[in-house]
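> Take a look at this one; I'll ask things after.
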There are 2 protein chains.
Amino acid sequence: MHELTRRSLSFMIGIALAIGAATAAWSVETLQDVMKRRGLTEKDLLAAAKTYTPTGGRDEYLAFSSGGQSGQVIVYGIPSMRILKYIGVFTPEPWQGYGFDDESKAVLAQGRVRGKDIVYGDTHHPAISETEGDYDGKYLFINDKANPRVAVIDLHDFETKQIVANPFFKSEHGGAFVTPNTEYVMEGTQYAAPLLEDGFVPLEEFNDKYRGGLTYWKFNKEKGRIEPENSFVFELPPYSQDLSDAGKKDSYGWGFTNSFCSERYVGGIERGRPPFEAGCSSKDTDFLHLTNWKKAEELVRAGKVRQERGMYFIPMEQAIAEGLLYLIPEPKSPHGVDVTPDGKYLIVSGKLDSHVSVYNFEKIMQAIEEGKFEGKDPYGVPIIGMQDVLHTQIDLGLGPLHTQFDAKPCVAYTSLYVDSQVAKYDYCAGKVLDKISIHYNIGHLMTMEGDSVSPDGKYLVALNKLAIDRFNPVGPLHPQNHQLIDISGEKMQLLYDMPVPLGEPHYVVAIRADKLKPAVRYKSGWDSRTDRRSPYKTRAGREKTERSCDAEGKCTTEVWGTVIRSHITPEIIEAEEGDTVKIHLTNLERAQDEVHGFTVYGQNVQLSIEPGKTASATFVADQAGVFPYYCTEFCSALHLEMQGYLLVRPKGYQAAEVKMVEGTVYTKEDYETQVKTNLETQAVINQVVAYITSHNFKDFPTVVALVEDATDQLGFSEGAKKKSEAAAAKEDWQNAMLWANQWWQYQVKAADLGLRAKTYLEESGAQKVR
Amino acid sequence: MHELTRRSLSFMIGIALAIGAATAAWSVETLQDVMKRRGLTEKDLLAAAKTYTPTGGRDEYLAFSSGGQSGQVIVYGIPSMRILKYIGVFTPEPWQGYGFDDESKAVLAQGRVRGKDIVYGDTHHPAISETEGDYDGKYLFINDKANPRVAVIDLHDFETKQIVANPFFKSEHGGAFVTPNTEYVMEGTQYAAPLLEDGFVPLEEFNDKYRGGLTYWKFNKEKGRIEPENSFVFELPPYSQDLSDAGKKDSYGWGFTNSFCSERYVGGIERGRPPFEAGCSSKDTDFLHLTNWKKAEELVRAGKVRQERGMYFIPMEQAIAEGLLYLIPEPKSPHGVDVTPDGKYLIVSGKLDSHVSVYNFEKIMQAIEEGKFEGKDPYGVPIIGMQDVLHTQIDLGLGPLHTQFDAKPCVAYTSLYVDSQVAKYDYCAGKVLDKISIHYNIGHLMTMEGDSVSPDGKYLVALNKLAIDRFNPVGPLHPQNHQLIDISGEKMQLLYDMPVPLGEPHYVVAIRADKLKPAVRYKSGWDSRTDRRSPYKTRAGREKTERSCDAEGKCTTEVWGTVIRSHITPEIIEAEEGDTVKIHLTNLERAQDEVHGFTVYGQNVQLSIEPGKTASATFVADQAGVFPYYCTEFCSALHLEMQGYLLVRPKGYQAAEVKMVEGTVYTKEDYETQVKTNLETQAVINQVVAYITSHNFKDFPTVVALVEDATDQLGFSEGAKKKSEAAAAKEDWQNAMLWANQWWQYQVKAADLGLRAKTYLEESGAQKVR
């Protein structure tokens with residue numbers, strides 16, 4: 001510490017001198033002033049420089065975090081630690097229209113449990129799809145602990161595409177983990193329950209009829225979907241299976257799943273029995289499960305595995321007989337098993353033991369080959385002797401939980417829950433290298449691509465369970481705290497505290513940002529959930545509203561509409577009380593970020609329609625009345641005017657012969673004034689165009705896209721201008737004026753785009769080319 | 001620019017020299033290395049220093065942002081721009097248990113529209129409660145544009161307490177705005193619709209039967225609730241009313257509401273008519289509405305206002321006759337009216353005009369007193385001449401929208417949507433002072449306490465509508481971008497880009513953080529939604545499960561339970577198929593942040609039970625079966641063991657005489673081994689206690705709280721120890737061992753707390769006192 005202080009002092013003096021002489025024009029405060037005012041140390045300044053990302057800057061990694069009980073996935077950037085997106089997965093979320101449009105409702109319906117819609121999930125472990133053990137950035141998987149389900153998110157558009165509900169499990173925790181080529185997604189049970197029986201089975205029959213299990217969901221990479229019909233499930237003993245990891249490289253073909261409560265204790269504190277927490281942690285060891293998925297797959301393909309509930313089911317007896325299943329003792333109540341990048345070792349932490357245990361996969365294979373077991377568990381599963389296969393045990397501290405890996409060989413990081421620390425160590429040599437305190441009580445931890453075959457090192461994120469005093473207080477329910485730690489040097493260095501404002505994440509995975517290639521728009525008329533052209537795709541000018549009734553007199557009013565800056569077509573929808581109303585809207589925009597929304601008063605409708613997307617809403621207009629609708633996105637200067645009315649007539653309504661009376665009447669003079677304005681506006685646009693085209697704008701893809709979009713708007717403007725002139729020719733000044741105004745509206749949109757492009761060029765140092 | 005470059009150069013060289021000589025021990029990279037590697041300029045470094053907040057640091061301001069279509073409120077800190085919380089308001093959100101526990105379901109049910117549950121909202125304008133025009137930090141209000149409603153959030157615990165649904169409106173936008181002592185919360189319509197008729201009224205009768213309106217919701221500050229029965233509504237012309245602001249100081253007692261589409265145009269692009277966007281922006285002016293709420297309140301109190309739908313209703317004729325309502329022309333399609341801090345001026349921007357118009361309130365009053373009007377609108381409302389009451393107009397640029405104020409007299413900031421800029425100007429002198437480009441297309445903007453009588457200046461947040469190229473791409477649906485701008489100097493300076501990951505915020509308000517005094521726990525057994533002791537409060541040892549059936553044979557299984565690290569009491573709940581199951585859980589913890597959750601497989605239950613809270617879940621157990629439940633928060637090292645089973649027996653089930661068989665049997669030796677461990681653990685705890693008590697821990701409130709909590713856990717430990725010893729005395733080694741283990745579990749929790757306290761003391765530089 002002393003040396004550090006001395007060195008820092010000289011550093012500080014250096015800064016003070018330097019800045020004293022250079023009060024910059026753009027600030028009244030110098031860097032030194034700011035540091036003093038905000039109480040920042042030099043260490044803080046360095047951390048700030050390592051994380052601060054100026055406008056337009058990109059993060060090096062994207063992290064995908066479980067959203068815990070929010071049922072969502074959180075996406076954030078590293079090192080800026082800015083949250084970029086919440087993705088709706090198991091919980092409806094209206095901003096995205098998730099669970100509010102027909103297309104996503106169909107996805108959520110796949111996740112029904114026992115016939116019921118489930119409107120949330122307890123998301124735990126995200127996993128990125130892999131190719132040869134490396135993250136390929138194509139898909140993300142995440143599980144639901146509360147209602148055993150796994151979801152598939154496409155990283156092409158960051159949308160949830162599929163949910164599969166596990167037909168056997170009543171609880172799970174250890175999912176999702178992928179095999180090295182995403183052949184399978186692993187999902188393990190947590191609390192034992194009858195697997196093949198959904199009815200009541202008394203707890204007295206726990207040992208005999210309650211079971212654990214492990215599902216290998218088959219993933220079809222081409223289709224981007226899980227295939228339940230090609231998936232298989234291992235029946236396991238009624239231990240509480242916990243996390244899994246798939247073997248890689250040397251250990252390819254195997255899966256590893258640990259467990260707690262191998263005591264098979266059943267609580268009942270209300271009856272005077274000690275609680276689960278005591279009975280489930282009384283033995284010194286629990287069991288690590290080994291499953292040979294490669295061999296199981298062969299049996300499935302050979303037709304040797306029975307089918308149950310639309311999947312393949314491997315009873316314990318079969319798994320034992322075929323050599324698919326083994327156990328190894330592991331220290332007390334472990335909370336994770338992690339395979340080293342080379343696949344040679346497995347690292348397990350018993351959370352009530354102070355060690356991490358490093359198992360040697362080669363030794364495990366040797367024991368199996370030699371048939372060297374120390375016995376069998378009560379269900380006949382062979383138990384491999386722990387001492388026979390241990391590489392080493394390392395004393396790290398209290399409450400070791402999860403492990404992640406560095407780019408440097410043999411270097412790993414393990415979270416210490418009770419000690420509130422991260423330990424860095426050499427698992428080959430069995431030596432602790434460094435420790436850092438976190439704030440407070442860390443669960444999972446995560447390094448960059450840290451569970452792949454080639455971890456990147458660089459950063460580590462500590463997923464702390466308690467924030468307590470780290471942030472401004474916001475009531476009894478605190479945010480979580482993800483702390484970013486620099487692991488590029490020998491000593492770990494705390495860089496940043498990120499509050500997680502919604503949900504309690506369990507695990508996070510981070511991928512190099514440049515591996516992701518998300519789309520910025522959809523193909524025209526796209527159903528984003530099925531990833532196919534929507535049958536409701538509607539082109540400009542082809543909008544229509546139709547009403548039809550079936551033989552029983554049930555009627556449907558169906559709208560094929562469009563949205564574009566700044567109007568919804570149609571602007572008036574008429575229906576009759578009791579009609580089913582179906583509204584399909586296609587966003588005609590091609591411009592990046594030009595999203596439109598759609599809501600109708602009182603109908604629980606909220607669509608998010610990104611450029612190109614077609615989204616649908618279905619509801620029953622069960623009451624007559626006036627129901628305003630509008631675009632819910634601030635999409636242009638005239639966004640408030642992007643409105644309409646759903647008019648629901650009572651049954652048998654007879655319209656009176658009343659004509660629409662215009663609120664305001666326009667004259668030839670009004671028309672001419674508007675045209676004058678338009679010509680002036682065009683002059684401004686021409687200036688902006690001249691600026692852009694006189695610079696090397698084609699070197700800036702953002703500007704090229706803006707210019708394309710502006711050209712579109714000017715095209716529309718031309719159309720409105722023609723309508724205006726046609727009306728003027730007929731001396732219909734009302735329509736001449738209104739269409740002239742619409743012509744101007746399109747001009748304003750073009751000007752808006754042009755000015756945005758001009759700002760971009762100015763700030764990006766574009767060069768004058770002519 | 002040239003001077004800047006020269007000065008900066010010397011600054012840079014200074015830093016380089018300083019740091020070259022001082023490679024600190026804690027980093028392999030110098031500040032210069034980092035800046036080079038990350039492409040940071042000195043300006044970036046200064047911005048980083050102004051925003052970076054090290055671990056444990058506090059933000060100066062808390063911002064409350066609408067969550068747009070997410071139906072939530074977002075809370076973030078300024079200047080760190082870290083999001084601290086999403087508060088569920090109109091949309092169910094399971095992490096908070098919002099819409100998943102009985103207590104919050106009752107709040108959401110208040111927001112039913114036309115008898116229907118509405119599961120989202122389009123939140124627009126948050127407002128903090130005020131006392132004498134200053135933010136008092138007690139309550140937050142926010143509106144729902146899609147389904148006209150206003151919610152009340154208590155800033156004591158950041159929870160939504162009340163939702164009121166407007167019984168007259170079918171659309172609104174301009175809410176919530178408060179009067180200077182929070183006497184009323186203002187809510188204005190947007191799209192006109194019949195007010196007193198919920199049925200069908202043809203659009204042809206738009207001018208005669210469609211109406212706008214403005215509600216003054218009476219707020220009872222003592223009760224913290226809106227009182228609809230003491231609230232009143234103004235009937236207004238069918239212009240699209242937009243935003244409001246309440247008069248303050250000189251203009252106290254008046255409300256101001258602007259509007260667009262005073263053309264009263266009705267679109268119909270599907271019929272060949274020009275769209276709303278053209279017809280609603282054809283006139284050069286729209287109308288600013290003035291309402292005298294103070295005088296209206298007197299009329300209400302005097303019994304002169306008629307009652308409708310449980311509120312008071314003021315027809316236009318009455319408002320005109322009583323001098324409660326006036327109009328003033330305002331430039332084309334305005335998007336905000338903002339009263340200056342002294343209440344003397346109103347600033348209006350017509351978004352299709354390049355000026356802001358500054359109106360003089362004194363001149364307005366003078367015109368009214370003198371009866372000097374330029375005419376009446378089609379509904380008989382007197383129109384005050386614009387030129388008679390204008391103070392000045394200032395040409396700012398394209399698309400001016402909203403205005404906020406600085407601490408410096410006469411200084412205001414207005415957002416320019418089309419120009420993508422913020423303009424700073426002197427509204428007294430009518431002079432532009434500065435402009436800054438933002439990225440891109442700004443809607444609202446916000447300065448610190450910027451719409452109160454005493455704005456703080458310092459920071460400005462630009463609520464940009466398009467992010468486009470500012471962040472790593474995350475698919476076609478982009479985050480929003482809130483840009484933080486330093487306004488402390490003469491020139492505005494961009495500091496930070498904050499992506500908003502969920503929802504599209506419309507408006508934000510920011511309050512000095514030290515004005516907020518949120519609670520960290522609830523009083524024991526608290527119903528947080530009614531803010532009363534819950535009738536279901538349950539104390540430790542008083543847990544019970546009861547089953548009762550009514551005369552019709554409908555049965556209820558009701559549980560009064562508790563949660564504490566790390567068990568739920570009861571651990572087994574038995575019910576019969578068809579039972580209504582009611583579960584009430586009280587969190588017995590007192591420790592800050594020690595939240596427990598609760599979920600049951602397949603039942604759509606998810607509770608967030610903060611310390612002290614009692615939360616309830618009700619569901620029908622309509623299927624027999626085994627339903628695991630567990631605590632959904634990672635609350636302690638043994639959180640996975642915080643589990644239980646709901647067992648639903650089929651009707652008429654006859655239990656067989658089967659006794660529970662223990663999965664693992666313990667011996668005297670096991671007991672003695674566990675006791676030995678416990679004594680060793682106690683020795684470790686004693687060491688930690690010695691460390692803490694030998695330091696000035698009482699100077700650290702965080703540590704005092706941790707120590708109290710650890711003392712509790714050691715007390716529990718004592719109880720388990722006694723049970724263990726009692727069982728051992730009877731040679732019941734099974735229970736002796738299990739209770740000894742439970743004794744150890746409590747020790748682990750105490751150790752965990754002690755270590756957290758020790759870390760805190762070490763990092764906070766605690767002094768040794770003995």
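Chains: A, B, ... in order of the structure tokens. Residues: from 1 per chain. Ligands: from 1, in order shown.
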How close does stretch 29-145 of chain A get to stretch 519-538 of chain A? List, as CSV, each residue of stretch 29-145 of chain A within 8 Å, its nearest atom pair and the distance in Å to one decimal, counting only C-alpha atoms.

```
residue,atom,partner,partner_atom,distance
A:Glu103,CA,A:Arg529,CA,6.0
A:Ser104,CA,A:Arg529,CA,6.4
A:Val107,CA,A:Arg529,CA,7.4
```
> Residues at most 6 Å from A:Phe64, counting only C-alpha atoms, excluding those fewer than 6 positions away in the same chain, as a VMD selection string?
chain A and resid 74 to 75 508 to 509
> Limited to all heavy atoms, could you put the picked residues into a file as an mmCIF file, in the first residue's frame?

```
data_model
loop_
_atom_site.group_PDB
_atom_site.id
_atom_site.type_symbol
_atom_site.label_atom_id
_atom_site.label_comp_id
_atom_site.auth_asym_id
_atom_site.auth_seq_id
_atom_site.Cartn_x
_atom_site.Cartn_y
_atom_site.Cartn_z
ATOM 1 N N ILE A 74 -31.912 -10.012 -20.434
ATOM 2 C CA ILE A 74 -31.349 -8.668 -20.428
ATOM 3 C C ILE A 74 -30.098 -8.666 -21.297
ATOM 4 O O ILE A 74 -29.271 -9.576 -21.188
ATOM 5 C CB ILE A 74 -30.960 -8.247 -18.997
ATOM 6 C CG1 ILE A 74 -32.122 -8.502 -18.023
ATOM 7 C CG2 ILE A 74 -30.521 -6.796 -18.948
ATOM 8 C CD1 ILE A 74 -31.712 -8.407 -16.547
ATOM 9 N N VAL A 75 -29.965 -7.661 -22.153
ATOM 10 C CA VAL A 75 -28.788 -7.551 -23.017
ATOM 11 C C VAL A 75 -28.015 -6.300 -22.611
ATOM 12 O O VAL A 75 -28.587 -5.207 -22.570
ATOM 13 C CB VAL A 75 -29.204 -7.421 -24.496
ATOM 14 C CG1 VAL A 75 -27.973 -7.441 -25.398
ATOM 15 C CG2 VAL A 75 -30.189 -8.522 -24.889
ATOM 16 N N VAL A 508 -25.150 -15.120 -16.737
ATOM 17 C CA VAL A 508 -24.949 -14.256 -17.901
ATOM 18 C C VAL A 508 -23.952 -14.945 -18.815
ATOM 19 O O VAL A 508 -23.058 -15.654 -18.336
ATOM 20 C CB VAL A 508 -24.356 -12.887 -17.475
ATOM 21 C CG1 VAL A 508 -24.187 -11.970 -18.660
ATOM 22 C CG2 VAL A 508 -25.202 -12.224 -16.416
ATOM 23 N N VAL A 509 -24.084 -14.750 -20.107
ATOM 24 C CA VAL A 509 -23.029 -15.148 -21.039
ATOM 25 C C VAL A 509 -22.676 -13.931 -21.889
ATOM 26 O O VAL A 509 -23.538 -13.101 -22.171
ATOM 27 C CB VAL A 509 -23.447 -16.320 -21.963
ATOM 28 C CG1 VAL A 509 -23.474 -17.629 -21.187
ATOM 29 C CG2 VAL A 509 -24.803 -16.066 -22.604
#
```
> Hey, what does DSSP flag as strand (DSSP E) within stretch 131-199 of chain B? Can you give it to me as a PyMOL selection string?
chain B and resi 131+134-144+149-154+159-165+172-178+184-189
> For atom CA of B:Thr618 and atom CA of B:Leu108, quote the distance in Å rounded to one decimal.
15.4 Å
> Residues near stretch 502-504 of chain A, anyone? I mean within 6 Å using only C-alpha atoms, not counting same-chain ones fewer than 3 positions away, as a ChimeraX atom specification.
/A:67-70 /B:86,95
> Using only C-alpha atoms, which of the listed residues (A:Gly489, A:Pro341, A:Gly71, A:Gly272) sits closest to A:Tyr120?
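Result for the nearest residue to A:Tyr120: A:Gly71.
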> If you take only C-alpha atoms and a cut-off of 9 Å, which residues of stretch 511-624 of chain B touch stretch 138-153 of chain B, and what are their nearest atom pairs and distances in Å to one decimal, in chain and number order, as CSV?

```
residue,atom,partner,partner_atom,distance
B:Lys515,CA,B:Lys138,CA,8.8
B:Leu516,CA,B:Lys138,CA,7.4
B:Lys517,CA,B:Lys138,CA,8.6
```
> For a test of reading the model, state the distance in Å between atom CA of A:Arg273 and atom CA of B:Ala656, rounded to one decimal.
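Between these atoms lies a distance of 21.1 Å.
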> Restricting the calculation to only C-alpha atoms, which member of A:Tyr191, A:Tyr216, A:Phe90, A:Tyr312 is positioned closest to A:Gly175?
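Smallest distance to A:Gly175 is found for A:Tyr216.
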> If I take atom CA of B:Leu236 and atom CA of B:Glu130, how far is one from the other in Å, to one decimal?
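Value for the atom CA of B:Leu236-atom CA of B:Glu130 distance: 26.6 Å.
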> What lies within 10 Å of A:Gly578 using only C-alpha atoms, ignoring chain neighbours under 2 positions off, as a ChimeraX atom specification?
/A:554-556,575-576,580-581,619-624,648-651
> Any chance you can output those residues with C-alpha atoms as an mmCIF file, in the first residue's frame?

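Final output, saved to part-v8.cif:
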```
data_model
loop_
_atom_site.group_PDB
_atom_site.id
_atom_site.type_symbol
_atom_site.label_atom_id
_atom_site.label_comp_id
_atom_site.auth_asym_id
_atom_site.auth_seq_id
_atom_site.Cartn_x
_atom_site.Cartn_y
_atom_site.Cartn_z
ATOM 1 C CA LYS A 554 -70.609 -14.816 -36.188
ATOM 2 C CA CYS A 555 -68.990 -11.950 -37.990
ATOM 3 C CA THR A 556 -65.444 -10.852 -38.493
ATOM 4 C CA ALA A 575 -67.389 -2.829 -37.159
ATOM 5 C CA GLU A 576 -70.534 -4.100 -35.503
ATOM 6 C CA THR A 580 -64.273 -10.334 -34.031
ATOM 7 C CA VAL A 581 -61.885 -7.645 -35.235
ATOM 8 C CA PHE A 619 -60.068 -8.933 -30.281
ATOM 9 C CA VAL A 620 -63.800 -9.015 -29.891
ATOM 10 C CA ALA A 621 -65.556 -5.671 -30.211
ATOM 11 C CA ASP A 622 -68.063 -6.662 -27.558
ATOM 12 C CA GLN A 623 -69.349 -3.156 -26.878
ATOM 13 C CA ALA A 624 -70.625 -0.502 -29.260
ATOM 14 C CA VAL A 648 -68.397 -0.077 -33.336
ATOM 15 C CA ARG A 649 -72.048 0.240 -34.291
ATOM 16 C CA PRO A 650 -74.745 -1.394 -32.202
ATOM 17 C CA LYS A 651 -76.394 -4.385 -33.836
#
```
> So that I can check the surroundings of B:Lys209, please list as a PyMOL selection string every protein, DNA and RNA residue that reaches within 10 Å of it, counting only C-alpha atoms and ignoring chain neighbours fewer than 2 positions away.
chain B and resi 192-197+201-207+211+237-238
> For stretch 758-763 of chain A, work out the shell of residues within 8 Å, counting only C-alpha atoms and skipping chain neighbours fewer than 5 positions away, then give it as a ChimeraX atom specification.
/A:688,691-692,697,703 /B:437
> So that I can see what lies close to B:Gln682, please list as a list of chain:residue names the residues with an atom at most 10 Å from it, counting only C-alpha atoms and leaving out residues fewer than 3 positions away in the same chain.
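Neighbouring residues, sequence-local ones excluded: B:Lys676, B:Thr677, B:Asn678, B:Leu679, B:Ile685, B:Asn686, B:Gln687, B:Val688, B:Leu714, B:Trp744, B:Gln747, B:Val748, B:Ala750, B:Ala751.
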> Would you mind exporting the chosen residues as an mmCIF file, in the first residue's frame, restricted to C-alpha atoms?

```cif
data_model
loop_
_atom_site.group_PDB
_atom_site.id
_atom_site.type_symbol
_atom_site.label_atom_id
_atom_site.label_comp_id
_atom_site.auth_asym_id
_atom_site.auth_seq_id
_atom_site.Cartn_x
_atom_site.Cartn_y
_atom_site.Cartn_z
ATOM 1 C CA LYS B 676 -17.571 -30.609 16.302
ATOM 2 C CA THR B 677 -17.984 -28.667 13.034
ATOM 3 C CA ASN B 678 -20.359 -26.276 14.734
ATOM 4 C CA LEU B 679 -17.901 -25.548 17.516
ATOM 5 C CA ILE B 685 -17.504 -16.426 13.980
ATOM 6 C CA ASN B 686 -15.890 -15.322 17.219
ATOM 7 C CA GLN B 687 -12.826 -14.150 15.293
ATOM 8 C CA VAL B 688 -14.981 -12.106 12.934
ATOM 9 C CA LEU B 714 -27.087 -16.486 16.144
ATOM 10 C CA TRP B 744 -24.873 -24.848 11.714
ATOM 11 C CA GLN B 747 -24.117 -20.119 11.982
ATOM 12 C CA VAL B 748 -23.267 -19.949 8.278
ATOM 13 C CA ALA B 750 -24.283 -15.259 10.804
ATOM 14 C CA ALA B 751 -20.777 -15.789 9.415
#
```
